[in-house]
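Source file: entry.tsv; contents: TSV, C-alpha atoms and all ligand atoms.
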chain	number	residue	atom	x	y	z
S	1	MET	CA	-9.64	-5.47	-37.58
S	2	VAL	CA	-8.71	-8.22	-35.09
S	3	SER	CA	-11.78	-9.71	-33.44
S	4	LYS	CA	-10.23	-12.82	-31.94
S	5	ILE	CA	-6.90	-13.64	-30.35
S	6	THR	CA	-5.33	-16.66	-28.62
S	7	VAL	CA	-2.57	-16.22	-26.04
S	8	LYS	CA	-0.55	-19.02	-24.50
S	9	ALA	CA	0.87	-18.44	-20.98
S	10	PRO	CA	3.36	-20.64	-19.10
S	11	SER	CA	3.22	-22.29	-15.70
S	12	SER	CA	5.38	-20.74	-13.00
S	13	THR	CA	6.93	-21.44	-9.64
S	14	ALA	CA	6.67	-18.79	-6.95
S	15	ASN	CA	8.77	-17.95	-3.88
S	16	LEU	CA	11.88	-20.03	-4.79
S	17	GLY	CA	12.31	-20.58	-1.07
S	18	PRO	CA	13.03	-17.31	0.73
S	19	GLY	CA	11.35	-14.99	-1.81
S	20	PHE	CA	7.75	-15.36	-0.57
S	21	ASP	CA	5.40	-13.31	-2.77
S	22	VAL	CA	8.46	-11.63	-4.36
S	23	PHE	CA	10.21	-14.18	-6.59
S	24	GLY	CA	8.70	-15.99	-9.56
S	25	LEU	CA	10.10	-18.11	-12.37
S	26	ALA	CA	8.25	-18.98	-15.57
S	27	ILE	CA	8.67	-22.68	-16.39
S	28	ASP	CA	7.94	-24.53	-19.60
S	29	ALA	CA	6.27	-27.53	-17.91
S	30	PHE	CA	2.68	-26.56	-18.82
S	31	HIS	CA	0.72	-23.83	-20.62
S	32	ASP	CA	-2.81	-22.42	-20.53
S	33	GLU	CA	-4.45	-21.04	-23.64
S	34	VAL	CA	-6.99	-18.25	-23.57
S	35	THR	CA	-8.88	-17.13	-26.68
S	36	LEU	CA	-10.74	-13.83	-26.48
S	37	THR	CA	-13.38	-13.02	-29.09
S	38	LYS	CA	-15.25	-9.72	-29.39
S	39	THR	CA	-19.02	-10.14	-29.01
S	40	LYS	CA	-22.00	-7.77	-28.82
S	41	SER	CA	-22.17	-7.52	-25.04
S	42	GLY	CA	-21.35	-9.08	-21.67
S	43	ILE	CA	-18.73	-11.66	-20.72
S	44	THR	CA	-19.17	-15.35	-21.45
S	45	ILE	CA	-16.76	-18.09	-20.44
S	46	ILE	CA	-16.41	-21.33	-22.37
S	47	THR	CA	-14.26	-24.23	-21.17
S	48	ASP	CA	-14.15	-28.03	-21.05
S	49	ASP	CA	-12.18	-27.90	-17.80
S	50	SER	CA	-13.71	-28.05	-14.34
S	51	ILE	CA	-13.23	-24.42	-13.36
S	52	PRO	CA	-15.82	-21.75	-12.41
S	53	ILE	CA	-17.53	-20.16	-15.40
S	54	ASN	CA	-18.87	-16.98	-13.88
S	55	SER	CA	-16.59	-14.02	-14.38
S	56	GLU	CA	-16.40	-13.11	-10.69
S	57	ASN	CA	-14.95	-16.51	-9.69
S	58	ASN	CA	-12.90	-17.24	-12.78
S	59	THR	CA	-9.35	-15.82	-12.83
S	60	ALA	CA	-9.44	-14.93	-16.54
S	61	GLY	CA	-13.02	-13.65	-16.21
S	62	LEU	CA	-12.09	-11.35	-13.35
S	63	VAL	CA	-9.21	-9.91	-15.37
S	64	VAL	CA	-11.42	-9.25	-18.40
S	65	LYS	CA	-14.14	-7.74	-16.20
S	66	ASN	CA	-11.67	-5.33	-14.58
S	67	MET	CA	-9.99	-4.37	-17.86
S	68	LYS	CA	-13.33	-3.82	-19.59
S	69	ARG	CA	-14.42	-1.51	-16.77
S	70	LYS	CA	-11.11	0.36	-16.53
S	71	PHE	CA	-10.87	1.08	-20.26
S	72	LYS	CA	-14.64	1.66	-20.68
S	73	ILE	CA	-14.92	-1.00	-23.37
S	74	LYS	CA	-18.49	-1.45	-24.59
S	75	ASP	CA	-17.94	-4.63	-26.68
S	76	GLY	CA	-18.71	-7.96	-25.12
S	77	VAL	CA	-16.00	-10.60	-24.75
S	78	GLU	CA	-16.17	-14.37	-25.07
S	79	ILE	CA	-13.40	-16.10	-23.10
S	80	LYS	CA	-12.41	-19.60	-24.16
S	81	ILE	CA	-10.06	-21.30	-21.71
S	82	LYS	CA	-7.99	-24.42	-22.36
S	83	LYS	CA	-6.20	-25.43	-19.17
S	84	GLY	CA	-2.83	-27.11	-19.43
S	85	VAL	CA	-1.47	-26.16	-16.00
S	86	PRO	CA	-2.85	-28.52	-13.32
S	87	THR	CA	-5.09	-26.59	-10.92
S	88	GLY	CA	-4.15	-26.36	-7.25
S	89	PHE	CA	-0.65	-27.87	-7.33
S	90	GLY	CA	1.57	-24.80	-6.94
S	91	MET	CA	2.41	-24.46	-10.62
S	92	GLY	CA	0.77	-21.07	-11.16
S	93	SER	CA	-2.39	-22.39	-12.76
S	94	SER	CA	-4.65	-19.48	-11.88
S	95	ALA	CA	-1.86	-17.08	-12.84
S	96	ALA	CA	-1.41	-18.65	-16.28
S	97	SER	CA	-5.07	-18.10	-17.20
S	98	ALA	CA	-5.07	-14.61	-15.69
S	99	SER	CA	-1.87	-13.65	-17.52
S	100	ALA	CA	-3.05	-15.04	-20.85
S	101	ALA	CA	-6.31	-13.12	-20.43
S	102	ALA	CA	-4.56	-9.81	-19.62
S	103	VAL	CA	-2.14	-10.10	-22.55
S	104	ALA	CA	-4.92	-11.18	-24.94
S	105	PHE	CA	-7.20	-8.33	-23.84
S	106	ASP	CA	-4.39	-5.83	-24.33
S	107	LYS	CA	-3.82	-7.07	-27.87
S	108	LEU	CA	-7.50	-7.43	-28.80
S	109	PHE	CA	-8.29	-3.84	-27.87
S	110	ARG	CA	-4.87	-2.45	-28.86
S	111	LEU	CA	-4.22	-0.95	-25.43
S	112	LYS	CA	-0.42	-1.20	-25.68
S	113	LEU	CA	-0.01	-1.51	-21.90
S	114	ASP	CA	3.46	-1.82	-20.38
S	115	GLY	CA	4.66	-4.92	-18.48
S	116	ASN	CA	3.86	-3.57	-15.00
S	117	SER	CA	0.27	-2.68	-16.00
S	118	LEU	CA	-0.28	-6.12	-17.53
S	119	VAL	CA	1.04	-7.75	-14.35
S	120	GLU	CA	-1.21	-5.51	-12.24
S	121	PHE	CA	-4.33	-6.52	-14.17
S	122	ALA	CA	-3.36	-10.19	-14.22
S	123	GLY	CA	-2.78	-10.02	-10.45
S	124	LEU	CA	-6.40	-9.02	-9.92
S	125	GLY	CA	-7.35	-12.45	-11.30
S	126	GLU	CA	-5.49	-14.15	-8.43
S	127	LYS	CA	-8.12	-12.79	-6.08
S	128	ALA	CA	-10.61	-15.25	-7.55
S	129	SER	CA	-8.56	-18.22	-6.35
S	130	ALA	CA	-6.23	-17.05	-3.56
S	131	GLY	CA	-8.60	-14.60	-1.87
S	132	SER	CA	-5.95	-11.88	-2.07
S	133	VAL	CA	-3.80	-10.33	-4.76
S	134	HIS	CA	-0.21	-11.53	-5.11
S	135	TYR	CA	1.95	-10.88	-8.14
S	136	ASP	CA	4.80	-13.41	-8.12
S	137	ASN	CA	3.19	-16.04	-10.39
S	138	VAL	CA	1.50	-13.57	-12.75
S	139	ALA	CA	4.67	-11.50	-13.12
S	140	ALA	CA	6.58	-14.63	-14.20
S	141	SER	CA	3.78	-15.84	-16.45
S	142	VAL	CA	3.32	-12.45	-18.17
S	143	LEU	CA	6.98	-11.50	-18.57
S	144	GLY	CA	8.75	-14.89	-18.58
S	145	GLY	CA	12.11	-15.64	-16.95
S	146	PHE	CA	12.93	-14.80	-13.32
S	147	VAL	CA	11.07	-11.91	-11.72
S	148	ILE	CA	11.38	-9.84	-8.57
S	149	VAL	CA	8.16	-8.13	-7.53
S	150	LYS	CA	8.42	-4.74	-5.82
S	151	THR	CA	5.12	-3.39	-4.51
S	152	ASN	CA	3.75	0.05	-3.58
S	153	PRO	CA	4.06	1.01	-6.37
S	154	LEU	CA	4.18	-2.23	-8.34
S	155	ASP	CA	7.44	-2.55	-10.24
S	156	VAL	CA	8.61	-5.88	-11.62
S	157	ILE	CA	12.28	-6.49	-12.31
S	158	ARG	CA	12.96	-9.25	-14.81
S	159	ILE	CA	16.23	-11.18	-15.11
S	160	GLU	CA	16.98	-13.63	-17.92
S	161	PRO	CA	17.70	-16.99	-16.25
S	162	PRO	CA	20.80	-19.08	-17.03
S	163	LYS	CA	20.25	-21.23	-20.13
S	164	ASN	CA	21.40	-24.37	-18.31
S	165	LEU	CA	19.09	-23.99	-15.30
S	166	ARG	CA	16.85	-27.05	-14.92
S	167	MET	CA	14.11	-27.95	-12.49
S	168	CYS	CA	12.69	-31.33	-11.48
S	169	ILE	CA	9.14	-31.03	-10.22
S	170	ALA	CA	7.25	-33.73	-8.36
S	171	VAL	CA	3.48	-33.26	-8.46
S	172	PRO	CA	1.97	-35.57	-5.81
S	173	ASP	CA	-1.30	-37.31	-6.48
S	174	ILE	CA	-3.06	-36.07	-3.34
S	175	ASP	CA	-6.34	-34.27	-2.72
S	176	VAL	CA	-5.84	-30.54	-2.35
S	177	PRO	CA	-8.22	-28.27	-0.41
S	178	LYS	CA	-10.68	-26.37	-2.62
S	179	LYS	CA	-9.22	-22.92	-1.97
S	180	LYS	CA	-5.73	-24.35	-1.51
S	181	THR	CA	-3.74	-21.12	-1.85
S	182	LYS	CA	-6.01	-19.37	0.64
S	183	VAL	CA	-5.67	-22.29	3.07
S	184	SER	CA	-1.88	-22.47	2.74
S	185	ARG	CA	-1.55	-18.71	3.18
S	186	GLY	CA	-3.49	-19.12	6.42
S	187	VAL	CA	-0.73	-21.22	8.06
S	188	ILE	CA	2.05	-18.67	7.58
S	189	PRO	CA	3.32	-17.22	10.89
S	190	LYS	CA	2.22	-13.66	11.67
S	191	LYS	CA	5.37	-13.01	13.70
S	192	ILE	CA	8.87	-14.24	12.85
S	193	LYS	CA	12.22	-14.29	14.58
S	194	PHE	CA	14.56	-11.49	13.57
S	195	THR	CA	17.40	-13.98	12.97
S	196	ASP	CA	15.14	-15.97	10.63
S	197	SER	CA	14.38	-12.87	8.58
S	198	VAL	CA	18.12	-12.16	8.31
S	199	LEU	CA	18.76	-15.72	7.12
S	200	ASN	CA	16.01	-15.54	4.50
S	201	LEU	CA	17.21	-12.12	3.37
S	202	SER	CA	20.76	-13.39	2.87
S	203	ASN	CA	19.56	-16.37	0.84
S	204	ALA	CA	17.13	-14.28	-1.21
S	205	SER	CA	19.93	-11.86	-2.04
S	206	ALA	CA	22.18	-14.74	-3.07
S	207	ILE	CA	19.45	-16.11	-5.36
S	208	ILE	CA	19.31	-12.76	-7.18
S	209	ALA	CA	23.10	-12.79	-7.44
S	210	GLY	CA	22.86	-16.34	-8.82
S	211	PHE	CA	20.48	-15.21	-11.57
S	212	MET	CA	22.63	-12.20	-12.39
S	213	LYS	CA	25.79	-14.30	-12.54
S	214	ARG	CA	23.89	-17.01	-14.51
S	215	ASP	CA	24.98	-19.55	-11.91
S	216	PRO	CA	22.50	-22.43	-11.30
S	217	GLU	CA	24.55	-23.73	-8.38
S	218	LEU	CA	24.43	-20.41	-6.51
S	219	ILE	CA	20.71	-20.13	-7.23
S	220	GLY	CA	20.03	-23.68	-6.08
S	221	ASN	CA	22.11	-23.72	-2.94
S	222	SER	CA	20.54	-20.43	-1.79
S	223	ILE	CA	17.02	-21.89	-2.03
S	224	LYS	CA	16.68	-22.15	1.74
S	225	ASP	CA	13.64	-20.82	3.55
S	226	VAL	CA	13.37	-20.95	7.34
S	227	ILE	CA	10.05	-19.10	7.54
S	228	VAL	CA	7.34	-20.28	5.12
S	229	GLU	CA	8.52	-23.79	4.18
S	230	PRO	CA	8.61	-25.05	7.80
S	231	ALA	CA	5.09	-23.67	8.35
S	232	ARG	CA	3.65	-25.33	5.25
S	233	GLN	CA	5.49	-28.60	4.90
S	234	HIS	CA	3.02	-30.54	7.08
S	235	MET	CA	0.52	-30.06	4.22
S	236	ILE	CA	2.73	-32.22	1.95
S	237	PRO	CA	3.05	-35.80	3.21
S	238	GLY	CA	6.56	-37.06	2.58
S	239	PHE	CA	8.03	-33.58	1.95
S	240	ALA	CA	11.09	-34.06	4.21
S	241	LYS	CA	11.95	-37.37	2.53
S	242	VAL	CA	11.43	-36.00	-1.00
S	243	LYS	CA	13.71	-33.08	-0.21
S	244	GLN	CA	16.38	-35.20	1.47
S	245	ASN	CA	16.37	-37.69	-1.43
S	246	ALA	CA	16.69	-34.99	-4.11
S	247	LEU	CA	19.58	-33.29	-2.29
S	248	LYS	CA	21.32	-36.67	-1.91
S	249	ALA	CA	20.79	-37.31	-5.63
S	250	GLY	CA	22.63	-34.08	-6.43
S	251	ALA	CA	19.99	-31.30	-6.54
S	252	PHE	CA	21.43	-27.91	-5.54
S	253	GLY	CA	18.28	-26.91	-3.65
S	254	VAL	CA	14.75	-28.13	-3.00
S	255	THR	CA	11.61	-26.37	-1.80
S	256	ILE	CA	7.83	-26.19	-2.09
S	257	SER	CA	6.71	-24.87	-5.49
S	258	GLY	CA	4.58	-21.81	-4.69
S	259	ALA	CA	1.92	-22.75	-2.16
S	260	GLY	CA	2.46	-26.48	-2.92
S	261	PRO	CA	1.93	-29.36	-2.84
S	262	SER	CA	4.38	-29.79	-5.74
S	263	VAL	CA	8.02	-29.98	-4.72
S	264	ILE	CA	10.69	-28.40	-6.92
S	265	ALA	CA	14.38	-29.26	-7.13
S	266	PHE	CA	16.89	-26.92	-8.80
S	267	SER	CA	19.75	-28.24	-10.87
S	268	LYS	CA	21.54	-27.76	-14.19
S	269	SER	CA	21.35	-29.41	-17.61
S	270	SER	CA	24.55	-31.43	-17.22
S	271	ALA	CA	23.36	-33.07	-13.97
S	272	ASN	CA	21.65	-36.44	-13.68
S	273	LEU	CA	18.11	-35.04	-13.75
S	274	LYS	CA	16.51	-38.49	-14.07
S	275	LYS	CA	18.25	-39.63	-10.90
S	276	ILE	CA	17.01	-36.54	-9.03
S	277	SER	CA	13.45	-37.04	-10.33
S	278	LEU	CA	13.42	-40.71	-9.45
S	279	SER	CA	14.67	-39.99	-5.94
S	280	MET	CA	11.82	-37.49	-5.48
S	281	SER	CA	9.20	-39.98	-6.57
S	282	LYS	CA	10.71	-42.58	-4.20
S	283	GLY	CA	10.31	-40.01	-1.42
S	284	PHE	CA	6.58	-39.77	-2.09
S	285	VAL	CA	6.28	-43.55	-2.51
S	286	SER	CA	7.63	-43.89	1.06
S	287	LYS	CA	4.27	-42.34	2.08
S	288	LYS	CA	2.38	-44.49	-0.47
S	289	ILE	CA	1.80	-41.47	-2.69
S	290	LYS	CA	2.17	-41.57	-6.44
S	291	CYS	CA	3.53	-38.51	-8.19
S	292	LYS	CA	4.08	-37.12	-11.64
S	293	ILE	CA	7.62	-36.00	-12.43
S	294	ILE	CA	8.43	-33.18	-14.80
S	295	ILE	CA	11.90	-32.06	-15.86
S	296	CYS	CA	11.68	-28.49	-17.14
S	297	LYS	CA	13.50	-25.26	-17.88
S	298	PRO	CA	12.72	-21.55	-17.64
S	299	SER	CA	10.11	-20.25	-20.11
S	300	LYS	CA	9.39	-17.06	-21.98
S	301	GLY	CA	6.27	-15.16	-21.02
S	302	ALA	CA	2.68	-15.08	-22.32
S	303	ALA	CA	2.51	-14.58	-26.08
S	304	ASP	CA	0.22	-14.63	-29.06
S	305	LYS	CA	-0.05	-18.32	-30.02
S	306	ARG	CA	0.74	-17.59	-33.67
S	307	LYS	CA	4.17	-16.18	-32.79
Y	1	LIG	N1	3.50	-16.57	-3.11
Y	1	LIG	C1	2.25	-17.31	-3.16
Y	1	LIG	C2	2.15	-18.20	-1.94
Y	1	LIG	C3	2.19	-18.13	-4.39
Y	1	LIG	O1	3.13	-18.88	-1.64
Y	1	LIG	O2	1.11	-18.21	-1.28
Y	1	LIG	C4	0.90	-18.88	-4.53
Y	1	LIG	O3	0.86	-19.52	-5.77

Will you turn the file into structure tokens for me?
Ligand code: HSE
Amino acid sequence: MVSKITVKAPSSTANLGPGFDVFGLAIDAFHDEVTLTKTKSGITIITDDSIPINSENNTAGLVVKNMKRKFKIKDGVEIKIKKGVPTGFGMGSSAASASAAAVAFDKLFRLKLDGNSLVEFAGLGEKASAGSVHYDNVAASVLGGFVIVKTNPLDVIRIEPPKNLRMCIAVPDIDVPKKKTKVSRGVIPKKIKFTDSVLNLSNASAIIAGFMKRDPELIGNSIKDVIVEPARQHMIPGFAKVKQNALKAGAFGVTISGAGPSVIAFSKSSANLKKISLSMSKGFVSKKIKCKIIICKPSKGAADKRK
């Protein structure tokens, strides 16, 4: 009988411009690892990383707590978390731990849940960090590839991304607010212009077409958001310059990764990805900010580490 399991879940980028809370893409830049071990009782969290260790405030802990309650599981669970995804930078860090926990719990207790149920449980973990449930990052991290999140009822549509899709991500070395996602959700306009919603809808539709046609250029040049990006960009010093530089260097499209402050440029494998990356870091340097650059590709979803 299995009494211990380790699941590795990828980082992800949410929104992809106009798809706020709806689009997600799993990316192979970073991974979190969660090991669940059956114990006699209760939930214990072990980690060397600076994250909360009580189950109510820990994304993986909240997932395990909810799943234990829902499936009336009497065993205790020890949760060991090894963070690889940087916390608070818009790379789906909380989602990676939550997704790994949901997939590991499912395997440990042989629940055989379907993709939508796993995403639903993983989404509950987001509450611990974002203050509300949103499924875009967890859907990508659980299922891998590009995802479209339909809600009420939750139904995630997954599309296999083009093999030659590449992303350059600039992670600025700046202080982020403690509850960053909650803060950056607070600046989103409550009312929007009808013409802006039409523009975002047309671009979002074109992004889906781009994934279906396996066309990185169509995906990238449809990454245009006139609603959320303008409201959030003041939280990222140098954003306009980083974006302008990357587009000049040949990126198809540039936007905020999730709730930021990382900035993501979309391109393809045959492009000069180093040139795009360098131009992004020069954009941040213009504001005297250092940044880490990562060139990455789409990832598969959360899986047993042994596989
Ligand atoms: N869609 C979410 C947001 C993602 O932009 O607030 C947060 O990681």

>> Using only C-alpha atoms and all ligand atoms, which residues have at least one atom no more than 8 Å from ligand LIG 1 (chain Y)? Output them as a PyMOL selection string.
In response: chain S and resi 13-15+20-23+90-92+95+130+134-137+181-182+184-185+257-260

Residues as selected, C-alpha atoms, written as a compact mmCIF listing (two decimals), in the coordinates of the input, can you do that?
# COMPACT_ATOMS: atom_id res chain seq x y z
CA THR S 13 6.93 -21.44 -9.64
CA ALA S 14 6.67 -18.79 -6.95
CA ASN S 15 8.77 -17.95 -3.88
CA PHE S 20 7.75 -15.36 -0.57
CA ASP S 21 5.40 -13.31 -2.77
CA VAL S 22 8.46 -11.63 -4.36
CA PHE S 23 10.21 -14.18 -6.59
CA GLY S 90 1.57 -24.80 -6.94
CA MET S 91 2.41 -24.46 -10.62
CA GLY S 92 0.77 -21.07 -11.16
CA ALA S 95 -1.86 -17.08 -12.84
CA ALA S 130 -6.23 -17.05 -3.56
CA HIS S 134 -0.21 -11.53 -5.11
CA TYR S 135 1.95 -10.88 -8.14
CA ASP S 136 4.80 -13.41 -8.12
CA ASN S 137 3.19 -16.04 -10.39
CA THR S 181 -3.74 -21.12 -1.85
CA LYS S 182 -6.01 -19.37 0.64
CA SER S 184 -1.88 -22.47 2.74
CA ARG S 185 -1.55 -18.71 3.18
CA SER S 257 6.71 -24.87 -5.49
CA GLY S 258 4.58 -21.81 -4.69
CA ALA S 259 1.92 -22.75 -2.16
CA GLY S 260 2.46 -26.48 -2.92

> For Ile223 (chain S), which residue out of S:Ala206, S:Ala104, S:Val7, S:Ile27 is the nearest one, using all atoms listed in the file?
Replying inline: S:Ala206

>> Please list as a PyMOL selection string every residue within 10 Å of Ile192 (chain S), counting only C-alpha atoms and excluding residues in the same chain fewer than 3 positions away.
In response: chain S and resi 188-189+195-197+226-228

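By chain and then residue number, the residues within 6 Å of region 74-76 of chain S are Lys38, Thr39, Lys40, Ser41, Gly42 and Ile43 of chain S, counting all atoms listed in the file and disregarding those fewer than 2 positions away in sequence.
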
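In this structure, CA of Cys296 (chain S) sits 11.1 Å away from CA of Ser277 (chain S).
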
> Which residues, written as an NGL selection string, have at least one atom at most 12 Å from region 66-70 of chain S, with only C-alpha atoms counted and residues fewer than 3 positions away on the same chain left out?
Replying inline: :S and (38 or 41-43 or 55-56 or 59-63 or 73-77 or 98 or 101-106 or 108-109 or 111 or 113 or 117-118 or 120-125 or 127)

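If you count only C-alpha atoms and draw a sphere of 12 Å around (-13.5, -30.3, -16.7), the protein and nucleic acid residues inside it come out as Ile46, Thr47, Asp48, Asp49, Ser50, Ile51, Pro52, Ile53, Ile81, Lys82, Lys83, Gly84, Pro86 and Thr87 of chain S.
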
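Considering the residues S:Val138, S:Val187, S:Ala246, S:Ile79 and counting all atoms listed in the file, Ser99 (chain S) has its shortest atom-to-atom contact with S:Val138.
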
> Nearest to Arg166 (chain S) among S:Lys193, S:Lys297, S:Lys274, S:Lys107, with distances taken over all atoms listed in the file: which residue is it?
Replying inline: S:Lys297

>> Which polymer residues, whether protein, DNA or RNA, lie within 12 Å of the coordinate (20.7, -14.7, -2.2) when you count only C-alpha atoms? List them as JSON, numbers by chain, using the chain letters and numbers from the file.
In response: {"S": [16, 17, 18, 19, 23, 198, 199, 200, 201, 202, 203, 204, 205, 206, 207, 208, 209, 210, 211, 212, 213, 215, 217, 218, 219, 220, 221, 222, 223, 224, 225]}

Those same residues, written as a short mmCIF file (atom, residue, chain, number, x, y, z; two decimals), keeping the file's coordinate frame with C-alpha atoms?
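The result, written out as result.cif:
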data_model
loop_
_atom_site.label_atom_id
_atom_site.label_comp_id
_atom_site.auth_asym_id
_atom_site.auth_seq_id
_atom_site.Cartn_x
_atom_site.Cartn_y
_atom_site.Cartn_z
CA LEU S 16 11.88 -20.03 -4.79
CA GLY S 17 12.31 -20.58 -1.07
CA PRO S 18 13.03 -17.31 0.73
CA GLY S 19 11.35 -14.99 -1.81
CA PHE S 23 10.21 -14.18 -6.59
CA VAL S 198 18.12 -12.16 8.31
CA LEU S 199 18.76 -15.72 7.12
CA ASN S 200 16.01 -15.54 4.50
CA LEU S 201 17.21 -12.12 3.37
CA SER S 202 20.76 -13.39 2.87
CA ASN S 203 19.56 -16.37 0.84
CA ALA S 204 17.13 -14.28 -1.21
CA SER S 205 19.93 -11.86 -2.04
CA ALA S 206 22.18 -14.74 -3.07
CA ILE S 207 19.45 -16.11 -5.36
CA ILE S 208 19.31 -12.76 -7.18
CA ALA S 209 23.10 -12.79 -7.44
CA GLY S 210 22.86 -16.34 -8.82
CA PHE S 211 20.48 -15.21 -11.57
CA MET S 212 22.63 -12.20 -12.39
CA LYS S 213 25.79 -14.30 -12.54
CA ASP S 215 24.98 -19.55 -11.91
CA GLU S 217 24.55 -23.73 -8.38
CA LEU S 218 24.43 -20.41 -6.51
CA ILE S 219 20.71 -20.13 -7.23
CA GLY S 220 20.03 -23.68 -6.08
CA ASN S 221 22.11 -23.72 -2.94
CA SER S 222 20.54 -20.43 -1.79
CA ILE S 223 17.02 -21.89 -2.03
CA LYS S 224 16.68 -22.15 1.74
CA ASP S 225 13.64 -20.82 3.55
#

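Proximity ranking of S:Asn57, S:Ile256, S:Pro237, S:Ala140 relative to Ser11 (chain S) places S:Ala140 first, based on all atoms listed in the file.
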
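The nearest approach to Lys300 (chain S) among the residues S:Val119, S:Leu278, S:Leu25, S:Leu154, with only C-alpha atoms taken into account, belongs to S:Leu25.
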
Would you write out, as a tab-separated table, a table of all residues in region 172-233 of chain S that have an atom no more than 9 Å from an atom of region 286-293 of chain S, listing for each the closest atom pair and the distance in Å to one decimal, considering only C-alpha atoms and ordering rows by chain and rising residue number?
residue	atom	partner	partner_atom	distance
S:Pro172	CA	S:Cys291	CA	4.1
S:Asp173	CA	S:Cys291	CA	5.3
S:Ile174	CA	S:Ile289	CA	7.3

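Rounded to one decimal, CA of Ser270 (chain S) and CA of Val142 (chain S) lie 28.5 Å from each other.
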
> Can you tell me, as a ChimeraX atom specification, what residues are no more than 6 Å from Ser262 (chain S) when counting all atoms listed in the file, ignoring any on the same chain fewer than 6 positions away?
Replying inline: /S:89-90,170-171

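Going from CA of Ala139 (chain S) to CA of Ala251 (chain S) covers 25.9 Å.
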
>> Restricting the calculation to all atoms listed in the file: of S:Thr6, S:Thr44, S:Asn58, S:Ser281, which residue gets closest to Ile294 (chain S)?
In response: S:Ser281

> Can you tell me, as an MDAnalysis selection string, what residues are no more than 6 Å from Leu36 (chain S) when counting all atoms listed in the file, ignoring any on the same chain fewer than 6 positions away?
Replying inline: chainID S and resid 4:5 78:79
